[in-house]
Amino acid sequence: MLNKNNINRPDRELEKVLSALVYTIVALVLSMFMLFIYPQYSLYIIVIVLAISVLCIGLAIKIMSASEEAITYGGFANEILNSHSTINRIDNNKGEAIIENSLSKKFFQDTTVLTSLHTRLIDERQNILNFQRLELALKSLKSENVILKLYSNAEEKWYKVKVRPLYLKKSDIFEEEFSIKRIEKETYFLWSLADITAEQNMEKIFEEERKKLHHFINHLPIGVYIADSEYNLEYINETFAVQLSLPREELLGKSLKLLIPHTQGALNSKTDNYTGYEIFQTGQHENIELYLLQNRFRDDGVDKVSGLSLQKLPTDAELKSTISSLQDKLQWLFNTNPGGIILTDKKQIILSANEKADDILEEKHLLNRSLKDFFQASTLKLLEDIYRQYADNSENNTINKIETRLKSDKIIRIYTAPQRHLYSKGEDFSGLVLYLEDTTEQKNLELRFAQAQKMQAMGQLAGGVAHDFNNLLTAMIGFCDLLLQRHGIGDPSFADLIQIKQNANRAAGLVRQLLAFSRKQPLKPKKIDVTENFVDLSHLLKRILGEQISLEFNHGKDLGFIRVDPVQFSQVIINLAVNAKDAMNGKGLLKISTHTESLTEPYQFGADTISPGEFVVISVQDTGCGIPEENLSRIFEPFFSTKQNVVGSGTGLGLAMVYGIVRQTEGFIKVDSTVGKGTTFSIHLPRFDTPDDDTETTEHSENSTQAPILNAAADGQAQKIIVGLNVSKLDHQHEPASAPQDVKILFVEDEDSVRAFGVRALKKKGFNVSACNCAENALDLINKGERFNLLLTDMVMPGLSGADLAKEIKKSQPEIKIILASGYSEEIARRELAGSEDFEFIAKPYSLGDLTKKVFDVINR
């Protein structure tokens with residue numbers, strides 16, 4: 001759908017061949033019809049039919065070739081359209097998109113161009129007028145080019161919007177050739193939107209700089225003028241107008257020959273430069289003497305004259321004072337510039353630099369220093385190429401931008417410009433001007449933000465994996481318990497089953513670590529005294545570290561209390577101690593110190609903002625090998641480990657779990673490491689002045705599957721330390737006082753293996769169990785009039801969730817008892833049930849004993 005041109009158009013060729021084929025087929029039909037009308041000429045007519053048939057076959061073959069070319073042509077056109085960096089779209093006369101690139105689809109989505117632009121339009125007068133010009137152009141079928149200020153992703157951006165009509169000739173025998181209806185029908189509109197926000201912002205900056213420069217020149221204590229070759233004034237500053245006591249408007253365009261009636265050489269000098277006194281006639285028809293400094297120059301190939309005028313030429317002392325003042329102003333502008341400025345010669349030696357450049361390059365004396373002392377070889381090569389471009393082309397004044405890193409590892413942005421002598425003798429190009437901008441903090445913020453997004457995504461992934469894995473573990477542990485009931489201690493299979501169950505419990509421990517990283521595991525926090533906690537923990541730490549590692553404690557005063565889950569807090573310290581032991585290769589010093597610290601302003605930790613307040617800081621410092629800088633940003637990622645293929649190296653979840661637990665307790669963690677010297681982990685936890693009034697306990701509830709396990713070898717050799725591991729209890733056969741046969745249980749679970757285990761376990765206890773694989777099937781049973789004493793449902797299922805199912809069933813059967821099962825925490829379940837207390841909770845993975853005891857407890861409650 002393009003304008004007519006002289007290039008080859010495969011689609012046009014295809015249209016011609018199709019038209020020819022249509023006419024040929026019509027001729028073939030007429031010929032066959034003539035065969036019936038004039039049978040006496042059948043031989044001739046058959047020959048004609050055969051000839052037309054051959055022609056049809058030839059045209060069909062040509063259509064296939066032309067179709068392939070047209071498809072290729074259209075594919076190339078589409079690739080060109082999509083590869084364009086601007087938004088391109090072609091609409092029909094109804095505003096519907098016919099062709100558009102991916103940028104257009106993302107920007108306009110399913111709306112028309114005018115509707116989308118009107119929705120995003122910023123309410124400003126010029127903006128509205130430009131939009132109305134677009135509307136008028138569409139109505140009058142004309143081209144238009146405007147600039148609009150639009151909202152895009154909650155930001156104000158500038159777009160250059162172009163539209164022009166396209167005409168595609170189509171055959172329509174029912175409409176006149178030049179009818180309005182046909183013209184509108186055959187009209188298409190080519191839209192083009194280019195984001196010019198950067199140019200607009202730069203133009204605004206340049207405009208402000210031009211205003212400042214104009215104001216500076218206009219109020220110089222020296223008169224300034226520029227005239228053409230005939231000495232007609234083209235520009236003057238305010239000082240020159242004041243010197244002559246005439247308004248600027250009257251002086252512009254006036255000839256210097258009228259202002260200097262009796263010239264002494266300024267207007268007829270045979271040299272390019274003139275210096276001397278001239279008598280000017282003022283607006284009051286008085287004569288004044290001005291000292292002129294005048295020279296000729298060429299601007300875009302045109303001869304012009306520029307000059308400076310001084311009135312009441314000062315003495316040498318006054319002149320020196322004035323020049324010194326001007327130098328001070330220029331030096332002030334130079335030094336107070338918010339960006340670093342460096343002037344270099346052809347050999348990349350620094351001739352001048354402002355104070356900001358000193359700060360960026362971290363050097364107080366830059367004069368006569370080489371750029372090689374600060375810039376890396378790749379950057380120097382780029383500067384050499386830019387220098388060569390400026391030197392080869394005297395009209396090249398392009399501003400080049402370089403993003404690079406200094407030898408000091410600081411990230412900077414460099415803008416380059418040429419030093420050119422425009423108004424004085426000498427070489428045209430003498431060196432580079434470098435404008436430096438320190439972007440280290442900005443780049444670090446970008447990296448931290450990207451890292452925070454990655455950690456957040458990994459936390460969501462870890463939580464999802466842990467939930468699904470808990471379902472698998474529930475089935476494994478449950479069926480293992482069923483087998484253990486049939487294969488007792490004397491059975492040959494008993495040891496194998498115990499091994500399976502122990503490894504399933506170890507897997508449950510890994511799941512808890514994943515949930516700790518994703519901050520979805522249940523905690524039982526209480527306020528504890530840090531010092532007292534370390535007294536209890538010190539014996540275990542000494543056994544973990546062994547005799548070759550010294551353990552040192554330094555506790556601060558008035559630490560107050562921290563609110564943590566004691567078991568999880570112990571696990572954090574133990575994980576850090578085990579990592580330190582590995583880093584020190586079994587020999588060194590581990591120092592644990594505590595002190596308080598005040599955060600006076602919000603602190604950005606990843607994607608979270610930590611509020612100001614009092615914090616207790618627990619520092620774990622080792623004298624190990626340290627962490628390389630390239631690994632510092634990844635140490636808290638799940639499964640990241642530098643100890644690959646090392647026996648006993650762990651799962652890579654230790655620090656990920658530490659990160660999750662610390663964040664779940666509203667704290668944050670810092671890492672400071674030097675390769676070859678050691679690493680310090682500083683955990684910041686909110687400080688409390690007083691302990692809890694109520695008597696909280698860290699003991700797990702009777703039906704909980706969480707029990708800490710601490711095993712340390714007495715000889716200090718390799719040991720396995722597991723804290724807070726989910727360990728399934730043996731089936732204690734919690735029988736009720738009486739197990740009524742008429743107790744009906746509705747068991748809803750989408751995981752087939754978990755559902756099979758649960759139904760089998762409960763039926764063995766004498767219950768009447770109905771199983772459903774989703775909430776919708778369970779509701780169907782309820783709607784059919786089935787009544788149940790107990791609902792046991794998984795929380796996370798496709799479609800309707802377990803919490804929503806419980807709410808629906810409660811409406812029709814208020815007396816039903818509910819047990820919710822989930823791989824996440826009980827707190828999440830209560831949030832989904834809007835704070836309701838009328839349900840029980842069982843955490844996955846649960847064992848046969850956990851399940852039957854929970855059911856008996858709820859039924860007999």
# chains A, B, ... in the order shown; residues from 1 in each chain; ligands from 1
$ residues_around --residues "range 162-166 of chain A" --least-positions-apart "4" --cutoff "9 Å" --atoms "only C-alpha atoms" --output "number ranges by chain"
A: 1-3, 90, 134, 137-138, 141-147, 186-194
$ write_last_selection --atoms "N, CA and C atoms" --output "compact mmCIF listing (two decimals), in the first residue's frame"
# COMPACT_ATOMS: atom_id res chain seq x y z
N MET A 1 0.84 -1.19 0.00
CA MET A 1 0.00 0.00 0.00
C MET A 1 0.88 1.24 0.00
N LEU A 2 1.60 1.44 -1.07
CA LEU A 2 2.53 2.55 -1.16
C LEU A 2 2.13 3.42 -2.34
N ASN A 3 2.67 4.63 -2.37
CA ASN A 3 2.41 5.53 -3.48
C ASN A 3 3.00 4.97 -4.76
N ILE A 90 -0.11 1.87 9.24
CA ILE A 90 -0.95 2.29 8.11
C ILE A 90 -2.39 1.95 8.46
N LEU A 134 -3.83 17.61 13.37
CA LEU A 134 -3.87 16.22 12.90
C LEU A 134 -5.30 15.83 12.48
N ALA A 137 -6.10 17.39 9.21
CA ALA A 137 -5.37 16.74 8.12
C ALA A 137 -6.08 15.46 7.68
N LEU A 138 -6.61 14.69 8.63
CA LEU A 138 -7.32 13.47 8.28
C LEU A 138 -8.60 13.77 7.51
N LEU A 141 -7.63 15.02 4.01
CA LEU A 141 -6.75 14.11 3.28
C LEU A 141 -5.44 14.80 2.91
N LYS A 142 -4.80 15.41 3.92
CA LYS A 142 -3.54 16.10 3.68
C LYS A 142 -2.47 15.56 4.64
N SER A 143 -1.22 15.83 4.29
CA SER A 143 -0.11 15.43 5.16
C SER A 143 0.04 16.45 6.29
N GLU A 144 0.52 15.98 7.41
CA GLU A 144 0.75 16.88 8.54
C GLU A 144 1.92 16.34 9.37
N ASN A 145 2.62 17.26 10.01
CA ASN A 145 3.79 16.93 10.83
C ASN A 145 3.76 17.83 12.05
N VAL A 146 3.53 17.25 13.24
CA VAL A 146 3.41 18.04 14.47
C VAL A 146 4.23 17.38 15.57
N ILE A 147 4.41 18.14 16.64
CA ILE A 147 5.08 17.62 17.85
C ILE A 147 4.06 17.64 18.98
N GLU A 186 -10.46 4.56 -1.09
CA GLU A 186 -9.14 4.17 -1.56
C GLU A 186 -8.03 4.91 -0.82
N THR A 187 -8.38 5.68 0.21
CA THR A 187 -7.37 6.46 0.95
C THR A 187 -6.93 5.72 2.20
N TYR A 188 -5.63 5.66 2.39
CA TYR A 188 -5.03 5.11 3.60
C TYR A 188 -4.14 6.18 4.21
N PHE A 189 -3.81 5.98 5.46
CA PHE A 189 -3.00 6.97 6.16
C PHE A 189 -1.77 6.30 6.77
N LEU A 190 -0.62 6.87 6.46
CA LEU A 190 0.64 6.39 7.00
C LEU A 190 1.01 7.24 8.22
N TRP A 191 1.05 6.59 9.39
CA TRP A 191 1.40 7.26 10.65
C TRP A 191 2.83 6.92 11.04
N SER A 192 3.50 7.91 11.58
CA SER A 192 4.86 7.70 12.07
C SER A 192 5.05 8.51 13.35
N LEU A 193 5.47 7.84 14.42
CA LEU A 193 5.71 8.50 15.71
C LEU A 193 7.15 8.24 16.13
N ALA A 194 7.89 9.29 16.38
CA ALA A 194 9.29 9.18 16.83
C ALA A 194 9.44 9.84 18.19
$ residues_around --residues "Ile236 in chain A" --least-positions-apart "2" --cutoff "10 Å" --atoms "only C-alpha atoms" --output "PyMOL selection string"
chain A and resi 217-218+223-227+233-234+238-241+248-249+251-252+306-308
$ closest_residue --among "A:Lys853, A:Arg210, A:Arg687, A:His118" --to "Leu762 in chain A" --atoms "only C-alpha atoms"
A:Lys853
$ closest_residue --among "A:Gln502, A:Asn533, A:Ser822, A:Gln109" --to "Asn471 in chain A" --atoms "only C-alpha atoms"
A:Ser822
$ residues_around --residues "range 347-360 of chain A" --least-positions-apart "5" --cutoff "9 Å" --atoms "only C-alpha atoms" --output "number ranges by chain"
A: 331, 334-342, 365-372, 380, 383-384, 410, 412, 431-432, 435-438
$ residues_around --residues "range 786-790 of chain A" --least-positions-apart "2" --cutoff "7 Å" --atoms "only C-alpha atoms" --output "PyMOL selection string"
chain A and resi 743-746+781-782+784+792+816-818
$ closest_residue --among "A:Gly488, A:Cys772, A:Lys364, A:Val658" --to "Met797 in chain A" --atoms "only C-alpha atoms"
A:Cys772
$ residues_around --residues "Glu155 in chain A" --least-positions-apart "3" --cutoff "12 Å" --atoms "only C-alpha atoms" --output "ChimeraX atom specification"
/A:120-122,149-152,158,197
$ residues_around --residues "Glu278 in chain A" --least-positions-apart "5" --cutoff "12 Å" --atoms "only C-alpha atoms" --output "list in words"
Leu256, Lys257, Leu259, Ile260, Pro261, His262, Thr263, Gln264, Gly265, Ala266, Leu267, Asn287, Ile288, Glu289, Leu290, Tyr291, Leu292, Leu293, Gln294, Leu308, Ser309, Leu310 and Gln311 of chain A
$ write_last_selection --atoms "N, CA, C and O atoms" --output "PDB file, in the first residue's frame"
ATOM      1  N   LEU A 256      27.923  51.409  10.174  1.00  0.00           N
ATOM      2  CA  LEU A 256      28.945  52.069  10.994  1.00  0.00           C
ATOM      3  C   LEU A 256      29.451  53.330  10.318  1.00  0.00           C
ATOM      4  O   LEU A 256      29.957  54.246  10.978  1.00  0.00           O
ATOM      5  N   LYS A 257      29.296  53.421   9.005  1.00  0.00           N
ATOM      6  CA  LYS A 257      29.761  54.603   8.283  1.00  0.00           C
ATOM      7  C   LYS A 257      28.975  55.847   8.705  1.00  0.00           C
ATOM      8  O   LYS A 257      29.504  56.969   8.665  1.00  0.00           O
ATOM      9  N   LEU A 259      27.776  56.170  11.785  1.00  0.00           N
ATOM     10  CA  LEU A 259      28.111  56.420  13.183  1.00  0.00           C
ATOM     11  C   LEU A 259      29.533  56.965  13.337  1.00  0.00           C
ATOM     12  O   LEU A 259      29.854  57.564  14.365  1.00  0.00           O
ATOM     13  N   ILE A 260      30.383  56.708  12.327  1.00  0.00           N
ATOM     14  CA  ILE A 260      31.764  57.217  12.366  1.00  0.00           C
ATOM     15  C   ILE A 260      31.948  58.130  11.148  1.00  0.00           C
ATOM     16  O   ILE A 260      32.402  57.684  10.078  1.00  0.00           O
ATOM     17  N   PRO A 261      31.579  59.377  11.256  1.00  0.00           N
ATOM     18  CA  PRO A 261      31.645  60.271  10.081  1.00  0.00           C
ATOM     19  C   PRO A 261      33.071  60.440   9.552  1.00  0.00           C
ATOM     20  O   PRO A 261      33.293  60.500   8.340  1.00  0.00           O
ATOM     21  N   HIS A 262      34.028  60.530  10.435  1.00  0.00           N
ATOM     22  CA  HIS A 262      35.418  60.767  10.011  1.00  0.00           C
ATOM     23  C   HIS A 262      36.272  59.637  10.557  1.00  0.00           C
ATOM     24  O   HIS A 262      36.891  59.744  11.613  1.00  0.00           O
ATOM     25  N   THR A 263      36.300  58.519   9.826  1.00  0.00           N
ATOM     26  CA  THR A 263      37.028  57.345  10.312  1.00  0.00           C
ATOM     27  C   THR A 263      38.529  57.547  10.224  1.00  0.00           C
ATOM     28  O   THR A 263      39.035  58.264   9.341  1.00  0.00           O
ATOM     29  N   GLN A 264      39.226  56.940  11.166  1.00  0.00           N
ATOM     30  CA  GLN A 264      40.681  56.977  11.177  1.00  0.00           C
ATOM     31  C   GLN A 264      41.287  55.669  10.669  1.00  0.00           C
ATOM     32  O   GLN A 264      42.482  55.461  10.774  1.00  0.00           O
ATOM     33  N   GLY A 265      40.440  54.763  10.167  1.00  0.00           N
ATOM     34  CA  GLY A 265      40.955  53.532   9.578  1.00  0.00           C
ATOM     35  C   GLY A 265      40.147  52.295   9.897  1.00  0.00           C
ATOM     36  O   GLY A 265      40.401  51.231   9.334  1.00  0.00           O
ATOM     37  N   ALA A 266      39.191  52.402  10.792  1.00  0.00           N
ATOM     38  CA  ALA A 266      38.414  51.216  11.158  1.00  0.00           C
ATOM     39  C   ALA A 266      37.590  50.692   9.991  1.00  0.00           C
ATOM     40  O   ALA A 266      37.354  49.490   9.877  1.00  0.00           O
ATOM     41  N   LEU A 267      37.147  51.609   9.087  1.00  0.00           N
ATOM     42  CA  LEU A 267      36.279  51.199   7.996  1.00  0.00           C
ATOM     43  C   LEU A 267      37.024  51.035   6.685  1.00  0.00           C
ATOM     44  O   LEU A 267      36.419  50.625   5.683  1.00  0.00           O
ATOM     45  N   ASN A 287      29.978  63.851  20.123  1.00  0.00           N
ATOM     46  CA  ASN A 287      31.081  62.983  19.717  1.00  0.00           C
ATOM     47  C   ASN A 287      31.727  62.352  20.945  1.00  0.00           C
ATOM     48  O   ASN A 287      32.007  63.032  21.925  1.00  0.00           O
ATOM     49  N   ILE A 288      31.944  61.008  20.858  1.00  0.00           N
ATOM     50  CA  ILE A 288      32.645  60.306  21.932  1.00  0.00           C
ATOM     51  C   ILE A 288      33.770  59.482  21.312  1.00  0.00           C
ATOM     52  O   ILE A 288      33.691  59.073  20.139  1.00  0.00           O
ATOM     53  N   GLU A 289      34.793  59.270  22.091  1.00  0.00           N
ATOM     54  CA  GLU A 289      35.944  58.512  21.608  1.00  0.00           C
ATOM     55  C   GLU A 289      35.877  57.102  22.186  1.00  0.00           C
ATOM     56  O   GLU A 289      35.770  56.910  23.392  1.00  0.00           O
ATOM     57  N   LEU A 290      35.907  56.125  21.284  1.00  0.00           N
ATOM     58  CA  LEU A 290      35.903  54.723  21.677  1.00  0.00           C
ATOM     59  C   LEU A 290      37.142  54.037  21.135  1.00  0.00           C
ATOM     60  O   LEU A 290      37.573  54.303  20.008  1.00  0.00           O
ATOM     61  N   TYR A 291      37.695  53.160  21.933  1.00  0.00           N
ATOM     62  CA  TYR A 291      38.839  52.369  21.502  1.00  0.00           C
ATOM     63  C   TYR A 291      38.315  51.058  20.917  1.00  0.00           C
ATOM     64  O   TYR A 291      37.591  50.318  21.575  1.00  0.00           O
ATOM     65  N   LEU A 292      38.641  50.795  19.647  1.00  0.00           N
ATOM     66  CA  LEU A 292      38.107  49.631  18.937  1.00  0.00           C
ATOM     67  C   LEU A 292      39.169  48.555  18.770  1.00  0.00           C
ATOM     68  O   LEU A 292      40.339  48.844  18.501  1.00  0.00           O
ATOM     69  N   LEU A 293      38.721  47.303  18.901  1.00  0.00           N
ATOM     70  CA  LEU A 293      39.504  46.132  18.518  1.00  0.00           C
ATOM     71  C   LEU A 293      38.635  45.382  17.514  1.00  0.00           C
ATOM     72  O   LEU A 293      37.598  44.812  17.878  1.00  0.00           O
ATOM     73  N   GLN A 294      39.041  45.396  16.258  1.00  0.00           N
ATOM     74  CA  GLN A 294      38.180  44.908  15.181  1.00  0.00           C
ATOM     75  C   GLN A 294      38.940  43.932  14.303  1.00  0.00           C
ATOM     76  O   GLN A 294      40.140  44.098  14.060  1.00  0.00           O
ATOM     77  N   LEU A 308      35.119  45.029  19.302  1.00  0.00           N
ATOM     78  CA  LEU A 308      34.918  45.389  20.697  1.00  0.00           C
ATOM     79  C   LEU A 308      35.176  46.881  20.838  1.00  0.00           C
ATOM     80  O   LEU A 308      36.098  47.420  20.228  1.00  0.00           O
ATOM     81  N   SER A 309      34.360  47.528  21.659  1.00  0.00           N
ATOM     82  CA  SER A 309      34.519  48.979  21.863  1.00  0.00           C
ATOM     83  C   SER A 309      34.676  49.267  23.348  1.00  0.00           C
ATOM     84  O   SER A 309      33.901  48.762  24.160  1.00  0.00           O
ATOM     85  N   LEU A 310      35.679  50.063  23.688  1.00  0.00           N
ATOM     86  CA  LEU A 310      35.936  50.445  25.072  1.00  0.00           C
ATOM     87  C   LEU A 310      35.849  51.959  25.184  1.00  0.00           C
ATOM     88  O   LEU A 310      36.475  52.695  24.395  1.00  0.00           O
ATOM     89  N   GLN A 311      35.088  52.397  26.149  1.00  0.00           N
ATOM     90  CA  GLN A 311      34.931  53.828  26.395  1.00  0.00           C
ATOM     91  C   GLN A 311      35.738  54.207  27.637  1.00  0.00           C
ATOM     92  O   GLN A 311      35.780  53.438  28.596  1.00  0.00           O
TER      93      GLN A 311
END
$ atom_distance --atom1 "CA of Glu362 in chain A" --atom2 "CA of Phe375 in chain A"
12.4 Å
$ closest_residue --among "A:Asp392, A:Asp228, A:Asp857, A:Glu250" --to "Ile842 in chain A" --atoms "only C-alpha atoms"
A:Asp857
$ decode --residues "range 379-403 of chain A" --atoms "N, CA and C atoms" --output "PDB file, in the first residue's frame"
ATOM      1  N   THR A 379      39.470   3.212  25.981  1.00  0.00           N
ATOM      2  CA  THR A 379      38.955   4.587  25.954  1.00  0.00           C
ATOM      3  C   THR A 379      39.917   5.506  25.206  1.00  0.00           C
ATOM      4  N   LEU A 380      41.205   5.346  25.438  1.00  0.00           N
ATOM      5  CA  LEU A 380      42.203   6.164  24.734  1.00  0.00           C
ATOM      6  C   LEU A 380      42.127   5.943  23.236  1.00  0.00           C
ATOM      7  N   LYS A 381      41.882   4.702  22.815  1.00  0.00           N
ATOM      8  CA  LYS A 381      41.738   4.416  21.386  1.00  0.00           C
ATOM      9  C   LYS A 381      40.541   5.146  20.795  1.00  0.00           C
ATOM     10  N   LEU A 382      39.419   5.170  21.517  1.00  0.00           N
ATOM     11  CA  LEU A 382      38.240   5.905  21.050  1.00  0.00           C
ATOM     12  C   LEU A 382      38.534   7.396  20.932  1.00  0.00           C
ATOM     13  N   LEU A 383      39.236   7.954  21.930  1.00  0.00           N
ATOM     14  CA  LEU A 383      39.565   9.379  21.894  1.00  0.00           C
ATOM     15  C   LEU A 383      40.490   9.697  20.725  1.00  0.00           C
ATOM     16  N   GLU A 384      41.415   8.801  20.402  1.00  0.00           N
ATOM     17  CA  GLU A 384      42.284   9.009  19.248  1.00  0.00           C
ATOM     18  C   GLU A 384      41.477   9.030  17.954  1.00  0.00           C
ATOM     19  N   ASP A 385      40.500   8.119  17.834  1.00  0.00           N
ATOM     20  CA  ASP A 385      39.656   8.096  16.635  1.00  0.00           C
ATOM     21  C   ASP A 385      38.844   9.380  16.526  1.00  0.00           C
ATOM     22  N   ILE A 386      38.295   9.840  17.652  1.00  0.00           N
ATOM     23  CA  ILE A 386      37.514  11.088  17.637  1.00  0.00           C
ATOM     24  C   ILE A 386      38.409  12.274  17.278  1.00  0.00           C
ATOM     25  N   TYR A 387      39.613  12.303  17.830  1.00  0.00           N
ATOM     26  CA  TYR A 387      40.569  13.374  17.533  1.00  0.00           C
ATOM     27  C   TYR A 387      40.853  13.407  16.032  1.00  0.00           C
ATOM     28  N   ARG A 388      41.045  12.241  15.432  1.00  0.00           N
ATOM     29  CA  ARG A 388      41.341  12.166  14.012  1.00  0.00           C
ATOM     30  C   ARG A 388      40.161  12.685  13.180  1.00  0.00           C
ATOM     31  N   GLN A 389      38.937  12.380  13.610  1.00  0.00           N
ATOM     32  CA  GLN A 389      37.760  12.874  12.882  1.00  0.00           C
ATOM     33  C   GLN A 389      37.675  14.388  12.917  1.00  0.00           C
ATOM     34  N   TYR A 390      37.952  14.991  14.081  1.00  0.00           N
ATOM     35  CA  TYR A 390      37.936  16.453  14.186  1.00  0.00           C
ATOM     36  C   TYR A 390      39.048  17.074  13.331  1.00  0.00           C
ATOM     37  N   ALA A 391      40.221  16.465  13.348  1.00  0.00           N
ATOM     38  CA  ALA A 391      41.352  17.026  12.627  1.00  0.00           C
ATOM     39  C   ALA A 391      41.157  16.942  11.115  1.00  0.00           C
ATOM     40  N   ASP A 392      40.504  15.881  10.646  1.00  0.00           N
ATOM     41  CA  ASP A 392      40.323  15.689   9.207  1.00  0.00           C
ATOM     42  C   ASP A 392      39.226  16.560   8.635  1.00  0.00           C
ATOM     43  N   ASN A 393      38.307  17.042   9.464  1.00  0.00           N
ATOM     44  CA  ASN A 393      37.173  17.826   8.959  1.00  0.00           C
ATOM     45  C   ASN A 393      37.027  19.084   9.809  1.00  0.00           C
ATOM     46  N   SER A 394      37.343  20.226   9.228  1.00  0.00           N
ATOM     47  CA  SER A 394      37.321  21.480   9.990  1.00  0.00           C
ATOM     48  C   SER A 394      35.910  21.913  10.359  1.00  0.00           C
ATOM     49  N   GLU A 395      34.906  21.346   9.708  1.00  0.00           N
ATOM     50  CA  GLU A 395      33.515  21.716  10.007  1.00  0.00           C
ATOM     51  C   GLU A 395      32.855  20.728  10.959  1.00  0.00           C
ATOM     52  N   ASN A 396      33.609  19.740  11.388  1.00  0.00           N
ATOM     53  CA  ASN A 396      33.053  18.719  12.296  1.00  0.00           C
ATOM     54  C   ASN A 396      33.121  19.226  13.732  1.00  0.00           C
ATOM     55  N   ASN A 397      31.961  19.600  14.285  1.00  0.00           N
ATOM     56  CA  ASN A 397      31.872  20.028  15.684  1.00  0.00           C
ATOM     57  C   ASN A 397      30.912  19.134  16.467  1.00  0.00           C
ATOM     58  N   THR A 398      30.777  17.878  16.020  1.00  0.00           N
ATOM     59  CA  THR A 398      29.846  16.936  16.635  1.00  0.00           C
ATOM     60  C   THR A 398      30.255  16.641  18.081  1.00  0.00           C
ATOM     61  N   ILE A 399      29.256  16.583  18.943  1.00  0.00           N
ATOM     62  CA  ILE A 399      29.484  16.180  20.338  1.00  0.00           C
ATOM     63  C   ILE A 399      29.391  14.656  20.398  1.00  0.00           C
ATOM     64  N   ASN A 400      30.474  14.014  20.771  1.00  0.00           N
ATOM     65  CA  ASN A 400      30.501  12.554  20.898  1.00  0.00           C
ATOM     66  C   ASN A 400      30.339  12.153  22.367  1.00  0.00           C
ATOM     67  N   LYS A 401      29.691  11.019  22.586  1.00  0.00           N
ATOM     68  CA  LYS A 401      29.469  10.524  23.949  1.00  0.00           C
ATOM     69  C   LYS A 401      30.118   9.155  24.112  1.00  0.00           C
ATOM     70  N   ILE A 402      30.827   8.976  25.234  1.00  0.00           N
ATOM     71  CA  ILE A 402      31.500   7.707  25.539  1.00  0.00           C
ATOM     72  C   ILE A 402      31.115   7.288  26.954  1.00  0.00           C
ATOM     73  N   GLU A 403      30.653   6.055  27.097  1.00  0.00           N
ATOM     74  CA  GLU A 403      30.426   5.460  28.421  1.00  0.00           C
ATOM     75  C   GLU A 403      31.607   4.538  28.718  1.00  0.00           C
TER      76      GLU A 403
END
